[in-house]
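S.K.: Provided herewith: final-v5.cif, mmCIF, N, CA and C atoms.
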```cif
data_my_file
#
loop_
_atom_site.label_atom_id
_atom_site.label_comp_id
_atom_site.auth_asym_id
_atom_site.auth_seq_id
_atom_site.Cartn_x
_atom_site.Cartn_y
_atom_site.Cartn_z
N MET A 278 11.22 -10.26 10.99
CA MET A 278 11.00 -9.67 9.69
C MET A 278 10.62 -8.20 9.88
N LYS A 279 11.11 -7.35 9.01
CA LYS A 279 10.79 -5.93 9.06
C LYS A 279 9.81 -5.59 7.95
N TYR A 280 8.92 -4.66 8.24
CA TYR A 280 7.89 -4.27 7.29
C TYR A 280 7.97 -2.79 6.98
N THR A 281 7.36 -2.42 5.87
CA THR A 281 7.29 -1.02 5.49
C THR A 281 5.86 -0.72 5.05
N PHE A 282 5.46 0.52 5.25
CA PHE A 282 4.14 0.98 4.84
C PHE A 282 4.31 2.38 4.28
N ASP A 283 3.72 2.61 3.10
CA ASP A 283 3.78 3.93 2.47
C ASP A 283 2.48 4.18 1.73
N ILE A 284 2.07 5.43 1.72
CA ILE A 284 0.96 5.84 0.86
C ILE A 284 1.58 6.11 -0.51
N VAL A 285 1.00 5.53 -1.56
CA VAL A 285 1.59 5.66 -2.88
C VAL A 285 0.77 6.51 -3.84
N GLY A 286 -0.49 6.80 -3.52
CA GLY A 286 -1.25 7.64 -4.42
C GLY A 286 -2.74 7.54 -4.25
N VAL A 287 -3.43 8.23 -5.16
CA VAL A 287 -4.88 8.22 -5.24
C VAL A 287 -5.24 7.65 -6.60
N SER A 288 -6.24 6.80 -6.63
CA SER A 288 -6.61 6.14 -7.88
C SER A 288 -8.13 6.05 -8.01
N GLN A 289 -8.59 6.11 -9.24
CA GLN A 289 -10.00 5.83 -9.49
C GLN A 289 -10.24 4.36 -9.17
N ILE A 290 -11.41 4.05 -8.66
CA ILE A 290 -11.72 2.68 -8.24
C ILE A 290 -11.51 1.70 -9.40
N LEU A 291 -12.08 1.99 -10.56
CA LEU A 291 -11.98 1.07 -11.68
C LEU A 291 -10.54 0.91 -12.16
N HIS A 292 -9.77 1.98 -12.12
CA HIS A 292 -8.37 1.90 -12.53
C HIS A 292 -7.59 0.97 -11.60
N PHE A 293 -7.83 1.11 -10.30
CA PHE A 293 -7.14 0.26 -9.34
C PHE A 293 -7.54 -1.20 -9.51
N LEU A 294 -8.83 -1.47 -9.70
CA LEU A 294 -9.28 -2.85 -9.90
C LEU A 294 -8.67 -3.45 -11.16
N ASN A 295 -8.57 -2.66 -12.22
CA ASN A 295 -7.94 -3.11 -13.45
C ASN A 295 -6.46 -3.43 -13.20
N HIS A 296 -5.78 -2.57 -12.46
CA HIS A 296 -4.37 -2.80 -12.12
C HIS A 296 -4.21 -4.10 -11.34
N GLN A 297 -5.09 -4.32 -10.38
CA GLN A 297 -5.02 -5.53 -9.57
C GLN A 297 -5.24 -6.77 -10.45
N GLN A 298 -6.17 -6.68 -11.39
CA GLN A 298 -6.43 -7.80 -12.30
C GLN A 298 -5.19 -8.10 -13.15
N GLN A 299 -4.54 -7.06 -13.66
CA GLN A 299 -3.33 -7.24 -14.46
C GLN A 299 -2.20 -7.83 -13.62
N THR A 300 -2.14 -7.44 -12.37
CA THR A 300 -1.11 -7.94 -11.46
C THR A 300 -1.26 -9.45 -11.27
N LEU A 301 -2.49 -9.94 -11.24
CA LEU A 301 -2.71 -11.37 -11.06
C LEU A 301 -2.17 -12.18 -12.22
N GLN A 302 -2.03 -11.56 -13.39
CA GLN A 302 -1.57 -12.25 -14.58
C GLN A 302 -0.05 -12.23 -14.72
N LYS A 303 0.63 -11.45 -13.90
CA LYS A 303 2.09 -11.33 -13.95
C LYS A 303 2.68 -12.09 -12.76
N PRO A 304 3.97 -12.40 -12.85
CA PRO A 304 4.61 -13.01 -11.68
C PRO A 304 4.53 -12.02 -10.51
N GLN A 305 4.05 -12.50 -9.39
CA GLN A 305 3.85 -11.63 -8.24
C GLN A 305 4.99 -11.81 -7.24
N HIS A 306 5.45 -10.71 -6.72
CA HIS A 306 6.48 -10.76 -5.69
C HIS A 306 5.78 -10.97 -4.36
N GLN A 307 6.09 -12.09 -3.75
CA GLN A 307 5.45 -12.40 -2.48
C GLN A 307 5.91 -11.40 -1.43
N GLY A 308 4.95 -10.97 -0.65
CA GLY A 308 5.28 -10.09 0.45
C GLY A 308 5.13 -8.62 0.14
N VAL A 309 4.49 -8.27 -0.98
CA VAL A 309 4.20 -6.88 -1.31
C VAL A 309 2.72 -6.80 -1.63
N GLU A 310 1.98 -5.99 -0.90
CA GLU A 310 0.54 -5.85 -1.12
C GLU A 310 0.18 -4.37 -1.24
N TYR A 311 -0.76 -4.11 -2.13
CA TYR A 311 -1.31 -2.77 -2.27
C TYR A 311 -2.72 -2.81 -1.70
N VAL A 312 -2.98 -1.91 -0.77
CA VAL A 312 -4.27 -1.85 -0.09
C VAL A 312 -4.90 -0.49 -0.33
N THR A 313 -6.22 -0.44 -0.24
CA THR A 313 -6.92 0.81 -0.49
C THR A 313 -7.96 1.07 0.58
N THR A 314 -8.38 2.33 0.62
CA THR A 314 -9.46 2.74 1.49
C THR A 314 -10.09 4.00 0.90
N HIS A 315 -11.33 4.23 1.26
CA HIS A 315 -12.04 5.43 0.79
C HIS A 315 -11.72 6.66 1.65
N THR A 316 -11.17 6.42 2.83
CA THR A 316 -10.85 7.53 3.73
C THR A 316 -9.39 7.42 4.17
N CYS A 317 -8.77 8.56 4.34
CA CYS A 317 -7.37 8.58 4.75
C CYS A 317 -7.32 8.77 6.27
N THR A 318 -7.60 7.67 6.98
CA THR A 318 -7.53 7.69 8.44
C THR A 318 -6.70 6.51 8.90
N LEU A 319 -6.15 6.62 10.09
CA LEU A 319 -5.36 5.53 10.65
C LEU A 319 -6.22 4.27 10.79
N ASP A 320 -7.43 4.41 11.32
CA ASP A 320 -8.31 3.25 11.49
C ASP A 320 -8.60 2.56 10.16
N ALA A 321 -8.83 3.34 9.12
CA ALA A 321 -9.14 2.77 7.81
C ALA A 321 -7.94 1.99 7.26
N PHE A 322 -6.73 2.51 7.44
CA PHE A 322 -5.56 1.80 6.95
C PHE A 322 -5.27 0.55 7.77
N ILE A 323 -5.47 0.62 9.07
CA ILE A 323 -5.28 -0.58 9.89
C ILE A 323 -6.26 -1.66 9.43
N GLU A 324 -7.50 -1.28 9.20
CA GLU A 324 -8.50 -2.23 8.73
C GLU A 324 -8.11 -2.81 7.36
N SER A 325 -7.55 -1.97 6.50
CA SER A 325 -7.20 -2.44 5.15
C SER A 325 -6.02 -3.42 5.16
N VAL A 326 -5.13 -3.32 6.15
CA VAL A 326 -3.99 -4.24 6.18
C VAL A 326 -4.26 -5.50 7.00
N GLU A 327 -5.36 -5.56 7.72
CA GLU A 327 -5.63 -6.72 8.57
C GLU A 327 -5.64 -8.06 7.83
N PRO A 328 -6.15 -8.15 6.58
CA PRO A 328 -6.12 -9.45 5.91
C PRO A 328 -4.74 -9.85 5.38
N VAL A 329 -3.80 -8.93 5.35
CA VAL A 329 -2.50 -9.21 4.71
C VAL A 329 -1.61 -10.15 5.53
N PRO A 330 -1.39 -9.94 6.83
CA PRO A 330 -0.47 -10.83 7.57
C PRO A 330 -0.81 -12.32 7.48
N PRO A 331 -2.09 -12.72 7.60
CA PRO A 331 -2.37 -14.16 7.47
C PRO A 331 -2.00 -14.71 6.08
N LYS A 332 -2.15 -13.89 5.05
CA LYS A 332 -1.84 -14.32 3.69
C LYS A 332 -0.36 -14.67 3.54
N TRP A 333 0.51 -13.87 4.15
CA TRP A 333 1.96 -14.04 3.98
C TRP A 333 2.65 -14.64 5.20
N GLY A 334 1.89 -14.94 6.25
CA GLY A 334 2.52 -15.47 7.46
C GLY A 334 3.29 -14.42 8.24
N TRP A 335 2.83 -13.18 8.13
CA TRP A 335 3.49 -12.08 8.84
C TRP A 335 2.96 -11.96 10.26
N ASP A 336 3.72 -11.22 11.06
CA ASP A 336 3.30 -10.91 12.43
C ASP A 336 2.31 -9.75 12.40
N GLN A 337 1.07 -10.03 12.74
CA GLN A 337 -0.02 -9.04 12.70
C GLN A 337 0.32 -7.78 13.51
N ASP A 338 0.82 -7.97 14.72
CA ASP A 338 1.13 -6.83 15.58
C ASP A 338 2.23 -5.95 14.99
N GLU A 339 3.23 -6.57 14.38
CA GLU A 339 4.31 -5.79 13.77
C GLU A 339 3.83 -5.00 12.55
N VAL A 340 2.96 -5.61 11.75
CA VAL A 340 2.42 -4.90 10.58
C VAL A 340 1.59 -3.71 11.03
N VAL A 341 0.70 -3.92 11.98
CA VAL A 341 -0.12 -2.81 12.49
C VAL A 341 0.78 -1.76 13.13
N GLY A 342 1.80 -2.19 13.85
CA GLY A 342 2.75 -1.25 14.45
C GLY A 342 3.48 -0.42 13.40
N THR A 343 3.78 -1.02 12.25
CA THR A 343 4.43 -0.31 11.15
C THR A 343 3.51 0.77 10.60
N VAL A 344 2.22 0.46 10.47
CA VAL A 344 1.25 1.44 9.98
C VAL A 344 1.14 2.59 10.99
N ILE A 345 1.04 2.27 12.25
CA ILE A 345 0.94 3.31 13.29
C ILE A 345 2.20 4.16 13.31
N ASP A 346 3.36 3.53 13.21
CA ASP A 346 4.62 4.27 13.19
C ASP A 346 4.67 5.24 12.01
N PHE A 347 4.25 4.76 10.83
CA PHE A 347 4.18 5.64 9.66
C PHE A 347 3.28 6.83 9.96
N TRP A 348 2.12 6.57 10.54
CA TRP A 348 1.14 7.61 10.82
C TRP A 348 1.71 8.65 11.79
N MET A 349 2.44 8.20 12.78
CA MET A 349 2.99 9.11 13.79
C MET A 349 4.13 9.98 13.23
N LYS A 350 4.87 9.47 12.25
CA LYS A 350 6.06 10.17 11.76
C LYS A 350 5.85 10.96 10.47
N ASN A 351 4.68 10.86 9.85
CA ASN A 351 4.49 11.44 8.53
C ASN A 351 3.25 12.31 8.42
N SER A 352 3.03 13.17 9.39
CA SER A 352 1.80 13.96 9.42
C SER A 352 1.67 14.88 8.20
N GLU A 353 2.76 15.44 7.74
CA GLU A 353 2.70 16.32 6.56
C GLU A 353 2.29 15.54 5.31
N SER A 354 2.87 14.39 5.13
CA SER A 354 2.51 13.53 3.99
C SER A 354 1.04 13.10 4.08
N ILE A 355 0.59 12.77 5.25
CA ILE A 355 -0.80 12.34 5.44
C ILE A 355 -1.75 13.48 5.10
N ARG A 356 -1.44 14.68 5.55
CA ARG A 356 -2.29 15.84 5.21
C ARG A 356 -2.33 16.04 3.69
N TYR A 357 -1.19 15.89 3.04
CA TYR A 357 -1.12 16.02 1.59
C TYR A 357 -2.05 15.01 0.90
N TRP A 358 -1.94 13.73 1.30
CA TRP A 358 -2.75 12.69 0.65
C TRP A 358 -4.23 12.82 0.99
N LYS A 359 -4.55 13.28 2.18
CA LYS A 359 -5.96 13.54 2.52
C LYS A 359 -6.53 14.59 1.58
N ALA A 360 -5.77 15.63 1.34
CA ALA A 360 -6.22 16.70 0.44
C ALA A 360 -6.36 16.20 -0.99
N ARG A 361 -5.40 15.38 -1.46
CA ARG A 361 -5.48 14.84 -2.83
C ARG A 361 -6.70 13.93 -2.99
N LEU A 362 -6.98 13.14 -1.96
CA LEU A 362 -8.16 12.26 -2.01
C LEU A 362 -9.44 13.08 -2.04
N LYS A 363 -9.50 14.11 -1.23
CA LYS A 363 -10.68 14.98 -1.23
C LYS A 363 -10.84 15.67 -2.59
N ASP A 364 -9.75 16.17 -3.16
CA ASP A 364 -9.78 16.83 -4.47
C ASP A 364 -10.24 15.87 -5.57
N ALA A 365 -9.87 14.60 -5.45
CA ALA A 365 -10.17 13.62 -6.49
C ALA A 365 -11.64 13.23 -6.53
N GLY A 366 -12.34 13.34 -5.43
CA GLY A 366 -13.77 13.03 -5.43
C GLY A 366 -14.08 11.64 -4.91
N LYS A 367 -15.38 11.37 -4.83
CA LYS A 367 -15.87 10.16 -4.15
C LYS A 367 -15.59 8.85 -4.90
N ASP A 368 -15.32 8.88 -6.18
CA ASP A 368 -15.08 7.65 -6.94
C ASP A 368 -13.60 7.26 -6.94
N ASN A 369 -12.88 7.68 -5.91
CA ASN A 369 -11.45 7.43 -5.83
C ASN A 369 -11.07 6.79 -4.51
N LEU A 370 -9.93 6.15 -4.52
CA LEU A 370 -9.38 5.48 -3.35
C LEU A 370 -7.99 6.00 -3.08
N ILE A 371 -7.58 5.90 -1.83
CA ILE A 371 -6.19 6.16 -1.51
C ILE A 371 -5.49 4.80 -1.46
N VAL A 372 -4.33 4.71 -2.09
CA VAL A 372 -3.62 3.45 -2.24
C VAL A 372 -2.36 3.49 -1.39
N ALA A 373 -2.13 2.41 -0.67
CA ALA A 373 -0.92 2.28 0.14
C ALA A 373 -0.28 0.93 -0.15
N ARG A 374 0.99 0.85 0.17
CA ARG A 374 1.74 -0.40 -0.03
C ARG A 374 2.25 -0.86 1.33
N VAL A 375 2.02 -2.11 1.63
CA VAL A 375 2.59 -2.73 2.81
C VAL A 375 3.43 -3.91 2.33
N ALA A 376 4.62 -4.03 2.86
CA ALA A 376 5.52 -5.07 2.36
C ALA A 376 6.55 -5.43 3.40
N ASP A 377 7.08 -6.65 3.24
CA ASP A 377 8.28 -6.91 4.03
C ASP A 377 9.44 -6.31 3.24
N ILE A 378 10.40 -5.80 3.93
CA ILE A 378 11.48 -5.02 3.32
C ILE A 378 12.19 -5.80 2.21
N LYS A 379 12.49 -7.06 2.45
CA LYS A 379 13.21 -7.85 1.45
C LYS A 379 12.37 -8.05 0.19
N ALA A 380 11.07 -8.28 0.33
CA ALA A 380 10.20 -8.46 -0.83
C ALA A 380 10.09 -7.16 -1.63
N LEU A 381 10.01 -6.05 -0.92
CA LEU A 381 9.93 -4.76 -1.60
C LEU A 381 11.21 -4.50 -2.39
N GLN A 382 12.34 -4.80 -1.81
CA GLN A 382 13.61 -4.64 -2.50
C GLN A 382 13.63 -5.50 -3.77
N ALA A 383 13.15 -6.73 -3.68
CA ALA A 383 13.12 -7.62 -4.84
C ALA A 383 12.19 -7.07 -5.92
N GLU A 384 11.04 -6.52 -5.51
CA GLU A 384 10.11 -5.95 -6.49
C GLU A 384 10.73 -4.75 -7.19
N LEU A 385 11.38 -3.88 -6.44
CA LEU A 385 12.00 -2.70 -7.05
C LEU A 385 13.13 -3.10 -7.99
N GLU A 386 13.93 -4.09 -7.61
CA GLU A 386 14.99 -4.56 -8.50
C GLU A 386 14.40 -5.15 -9.78
N TYR A 387 13.31 -5.89 -9.67
CA TYR A 387 12.63 -6.46 -10.83
C TYR A 387 12.14 -5.35 -11.75
N LEU A 388 11.52 -4.32 -11.16
CA LEU A 388 11.02 -3.20 -11.98
C LEU A 388 12.15 -2.47 -12.69
N LEU A 389 13.25 -2.27 -12.00
CA LEU A 389 14.39 -1.59 -12.62
C LEU A 389 15.00 -2.43 -13.73
N ASP A 390 15.16 -3.72 -13.50
CA ASP A 390 15.71 -4.62 -14.52
C ASP A 390 14.77 -4.71 -15.71
N ASP A 391 13.47 -4.72 -15.45
CA ASP A 391 12.47 -4.86 -16.51
C ASP A 391 12.43 -3.62 -17.41
N ASN A 392 12.80 -2.47 -16.88
CA ASN A 392 12.73 -1.22 -17.63
C ASN A 392 14.06 -0.84 -18.29
N LEU A 393 15.08 -1.62 -18.10
CA LEU A 393 16.38 -1.31 -18.71
C LEU A 393 16.51 -1.90 -20.07
#
```
Write out the structure in this file as structure tokens.
M.R.:
Amino acid sequence: MKYTFDIVGVSQILHFLNHQQQTLQKPQHQGVEYVTTHTCTLDAFIESVEPVPPKWGWDQDEVVGTVIDFWMKNSESIRYWKARLKDAGKDNLIVARVADIKALQAELEYLLDDNL
């Protein structure tokens, strides 16, 4: 199975919790998780994705490897999001998405179909 990891934005804590609550009430696409951290560091993101593989039966080493690979190849994007998180202040989180590629494709197709 192949995985993907992307930073998707900065969110106020309460806004993100509200979003997560609403997500629980909708049909959920298995294999797509949104994780958060208060700091934009590799260690923080690795820690945030650690509970995800057991939930979906994913390979822990491959998921962590995907996060590390993202970190090594996207230094400009990481600097950008670190700055946005700092600008947003202490009551905010940085949000990332970890997913298996097929589940992410299904979620995106669902979103596109839902908005047409």
S.K.: Write out as CSV a residue-level contact list of range 338-384 of chain A versus range 322-325 of chain A with cut-off 8 Å: for each qualifying residue the closest pair of atoms and the distance in Å to one decimal, counting all atoms listed in the file, rows sorted by chain and residue number upward.
M.R.:
```
residue,atom,partner,partner_atom,distance
A:Val340,C,A:Ile323,CA,7.6
A:Val341,CA,A:Ile323,CA,6.2
A:Val344,CA,A:Ile323,N,6.8
A:Ile345,N,A:Ile323,CA,7.3
```
S.K.: Taking N, CA and C atoms for each residue, export the selection above as a JSON list (two decimals), in the coordinates of the input.
M.R.:
```
[["chain", "number", "residue", "atom", "x", "y", "z"],
["A", 340, "VAL", "N", 2.96, -5.61, 11.75],
["A", 340, "VAL", "CA", 2.42, -4.90, 10.58],
["A", 340, "VAL", "C", 1.59, -3.71, 11.03],
["A", 341, "VAL", "N", 0.70, -3.92, 11.98],
["A", 341, "VAL", "CA", -0.12, -2.81, 12.49],
["A", 341, "VAL", "C", 0.78, -1.76, 13.13],
["A", 344, "VAL", "N", 2.22, 0.46, 10.47],
["A", 344, "VAL", "CA", 1.25, 1.44, 9.98],
["A", 344, "VAL", "C", 1.14, 2.59, 10.99],
["A", 345, "ILE", "N", 1.04, 2.27, 12.25],
["A", 345, "ILE", "CA", 0.94, 3.31, 13.29],
["A", 345, "ILE", "C", 2.20, 4.16, 13.31]]
```
S.K.: Fewer than 6 positions away in the same chain doesn't count, so skip those; otherwise give me all residues within 12 Å of Met278 in chain A, counting only C-alpha atoms, as a compact mmCIF listing (two decimals) with N, CA and C atoms, in the coordinates of the input.
M.R.:
```
# COMPACT_ATOMS: atom_id res chain seq x y z
N GLY A 308 4.95 -10.97 -0.65
CA GLY A 308 5.28 -10.09 0.45
C GLY A 308 5.13 -8.62 0.14
N PRO A 330 -1.39 -9.94 6.83
CA PRO A 330 -0.47 -10.83 7.57
C PRO A 330 -0.81 -12.32 7.48
N TRP A 333 0.51 -13.87 4.15
CA TRP A 333 1.96 -14.04 3.98
C TRP A 333 2.65 -14.64 5.20
N GLY A 334 1.89 -14.94 6.25
CA GLY A 334 2.52 -15.47 7.46
C GLY A 334 3.29 -14.42 8.24
N TRP A 335 2.83 -13.18 8.13
CA TRP A 335 3.49 -12.08 8.84
C TRP A 335 2.96 -11.96 10.26
N ASP A 336 3.72 -11.22 11.06
CA ASP A 336 3.30 -10.91 12.43
C ASP A 336 2.31 -9.75 12.40
N GLN A 337 1.07 -10.03 12.74
CA GLN A 337 -0.02 -9.04 12.70
C GLN A 337 0.32 -7.78 13.51
N ASP A 338 0.82 -7.97 14.72
CA ASP A 338 1.13 -6.83 15.58
C ASP A 338 2.23 -5.95 14.99
N GLU A 339 3.23 -6.57 14.38
CA GLU A 339 4.31 -5.79 13.77
C GLU A 339 3.83 -5.00 12.55
N VAL A 340 2.96 -5.61 11.75
CA VAL A 340 2.42 -4.90 10.58
C VAL A 340 1.59 -3.71 11.03
N THR A 343 3.78 -1.02 12.25
CA THR A 343 4.43 -0.31 11.15
C THR A 343 3.51 0.77 10.60
N ALA A 376 4.62 -4.03 2.86
CA ALA A 376 5.52 -5.07 2.36
C ALA A 376 6.55 -5.43 3.40
N ASP A 377 7.08 -6.65 3.24
CA ASP A 377 8.28 -6.91 4.03
C ASP A 377 9.44 -6.31 3.24
N ILE A 378 10.40 -5.80 3.93
CA ILE A 378 11.48 -5.02 3.32
C ILE A 378 12.19 -5.80 2.21
N LYS A 379 12.49 -7.06 2.45
CA LYS A 379 13.21 -7.85 1.45
C LYS A 379 12.37 -8.05 0.19
N ALA A 380 11.07 -8.28 0.33
CA ALA A 380 10.20 -8.46 -0.83
C ALA A 380 10.09 -7.16 -1.63
```
S.K.: Which residue out of A:Gln298, A:Leu319, A:Arg374, A:Glu310 has the minimum interatomic distance to Lys332 in chain A when only C-alpha atoms are used?
M.R.: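 Closest to Lys332 in chain A of all the choices is A:Glu310.
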S.K.: Kindly indicate which residue among A:Asn295, A:Gln307, A:Ser288, A:Thr314 lies nearest to Asn369 in chain A, using only C-alpha atoms for the distances.
M.R.: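 Of A:Asn295, A:Gln307, A:Ser288, A:Thr314, the one nearest Asn369 in chain A is A:Ser288, counting only C-alpha atoms.
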S.K.: Once DSSP has gone over the backbone, tell me which residues of range 286-381 of chain A are in alpha helix (DSSP H), as a PyMOL selection string.
M.R.: chain A and resi 290-301+319-326+329-333+337-350+352-365+378-381
S.K.: Just how far from atom N of Lys350 in chain A is atom N of Ala383 in chain A, in Å to one decimal?
M.R.: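 Separation of atom N of Ala383 in chain A and atom N of Lys350 in chain A: 24.2 Å.
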S.K.: Tell me which residues the PyMOL selection byres (((chain A and resi 362 and name CA) around 9) and name CA) grabs here, as a compact mmCIF listing (two decimals) with N, CA and C atoms, in the coordinates of the input.
M.R.:
```txt
# COMPACT_ATOMS: atom_id res chain seq x y z
N GLY A 286 -0.49 6.80 -3.52
CA GLY A 286 -1.25 7.64 -4.42
C GLY A 286 -2.74 7.54 -4.25
N VAL A 287 -3.43 8.23 -5.16
CA VAL A 287 -4.88 8.22 -5.24
C VAL A 287 -5.24 7.65 -6.60
N SER A 288 -6.24 6.80 -6.63
CA SER A 288 -6.61 6.14 -7.88
C SER A 288 -8.13 6.05 -8.01
N HIS A 315 -11.33 4.23 1.26
CA HIS A 315 -12.04 5.43 0.79
C HIS A 315 -11.72 6.66 1.65
N THR A 316 -11.17 6.42 2.83
CA THR A 316 -10.85 7.53 3.73
C THR A 316 -9.39 7.42 4.17
N CYS A 317 -8.77 8.56 4.34
CA CYS A 317 -7.37 8.58 4.75
C CYS A 317 -7.32 8.77 6.27
N TYR A 357 -1.19 15.89 3.04
CA TYR A 357 -1.12 16.02 1.59
C TYR A 357 -2.05 15.01 0.90
N TRP A 358 -1.94 13.73 1.30
CA TRP A 358 -2.75 12.69 0.65
C TRP A 358 -4.23 12.82 0.99
N LYS A 359 -4.55 13.28 2.18
CA LYS A 359 -5.96 13.54 2.52
C LYS A 359 -6.53 14.59 1.58
N ALA A 360 -5.77 15.63 1.34
CA ALA A 360 -6.22 16.70 0.44
C ALA A 360 -6.36 16.20 -0.99
N ARG A 361 -5.40 15.38 -1.46
CA ARG A 361 -5.48 14.84 -2.83
C ARG A 361 -6.70 13.93 -2.99
N LYS A 363 -9.50 14.11 -1.23
CA LYS A 363 -10.68 14.98 -1.23
C LYS A 363 -10.84 15.67 -2.59
N ASP A 364 -9.75 16.17 -3.16
CA ASP A 364 -9.78 16.83 -4.47
C ASP A 364 -10.24 15.87 -5.57
N ALA A 365 -9.87 14.60 -5.45
CA ALA A 365 -10.17 13.62 -6.49
C ALA A 365 -11.64 13.23 -6.53
N GLY A 366 -12.34 13.34 -5.43
CA GLY A 366 -13.77 13.03 -5.43
C GLY A 366 -14.08 11.64 -4.91
N LYS A 367 -15.38 11.37 -4.83
CA LYS A 367 -15.87 10.16 -4.15
C LYS A 367 -15.59 8.85 -4.90
N ASN A 369 -12.88 7.68 -5.91
CA ASN A 369 -11.45 7.43 -5.83
C ASN A 369 -11.07 6.79 -4.51
N LEU A 370 -9.93 6.15 -4.52
CA LEU A 370 -9.38 5.48 -3.35
C LEU A 370 -7.99 6.00 -3.08
N ILE A 371 -7.58 5.90 -1.83
CA ILE A 371 -6.19 6.16 -1.51
C ILE A 371 -5.49 4.80 -1.46
```
S.K.: To one decimal place in Å, what is the distance between CA of Glu386 in chain A and CA of Glu353 in chain A?
M.R.: 28.5 Å
S.K.: Distance CA of Ile355 in chain A-CA of Ile284 in chain A, one decimal place?
M.R.: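 Answer for the CA of Ile355 in chain A to CA of Ile284 in chain A separation: 8.1 Å.
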S.K.: Nearest residue to Glu384 in chain A out of A:Val309, A:Gln299, A:His292, A:Asp283, using all atoms listed in the file?
M.R.: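 The shortest atom-to-atom distance to Glu384 in chain A comes from A:Val309.
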S.K.: Could you give me the residues within chain A that DSSP places in strand (DSSP E), as a PyMOL selection string?
M.R.: chain A and resi 280-289+309-314+369-377
S.K.: Which residues come within 7 Å of Tyr311 in chain A, counting only N, CA and C atoms, excluding same-chain residues fewer than 6 positions away, as a list in words?
M.R.: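 Counting only the stated atoms, we get Val372, Ala373, Arg374 and Val375 of chain A.
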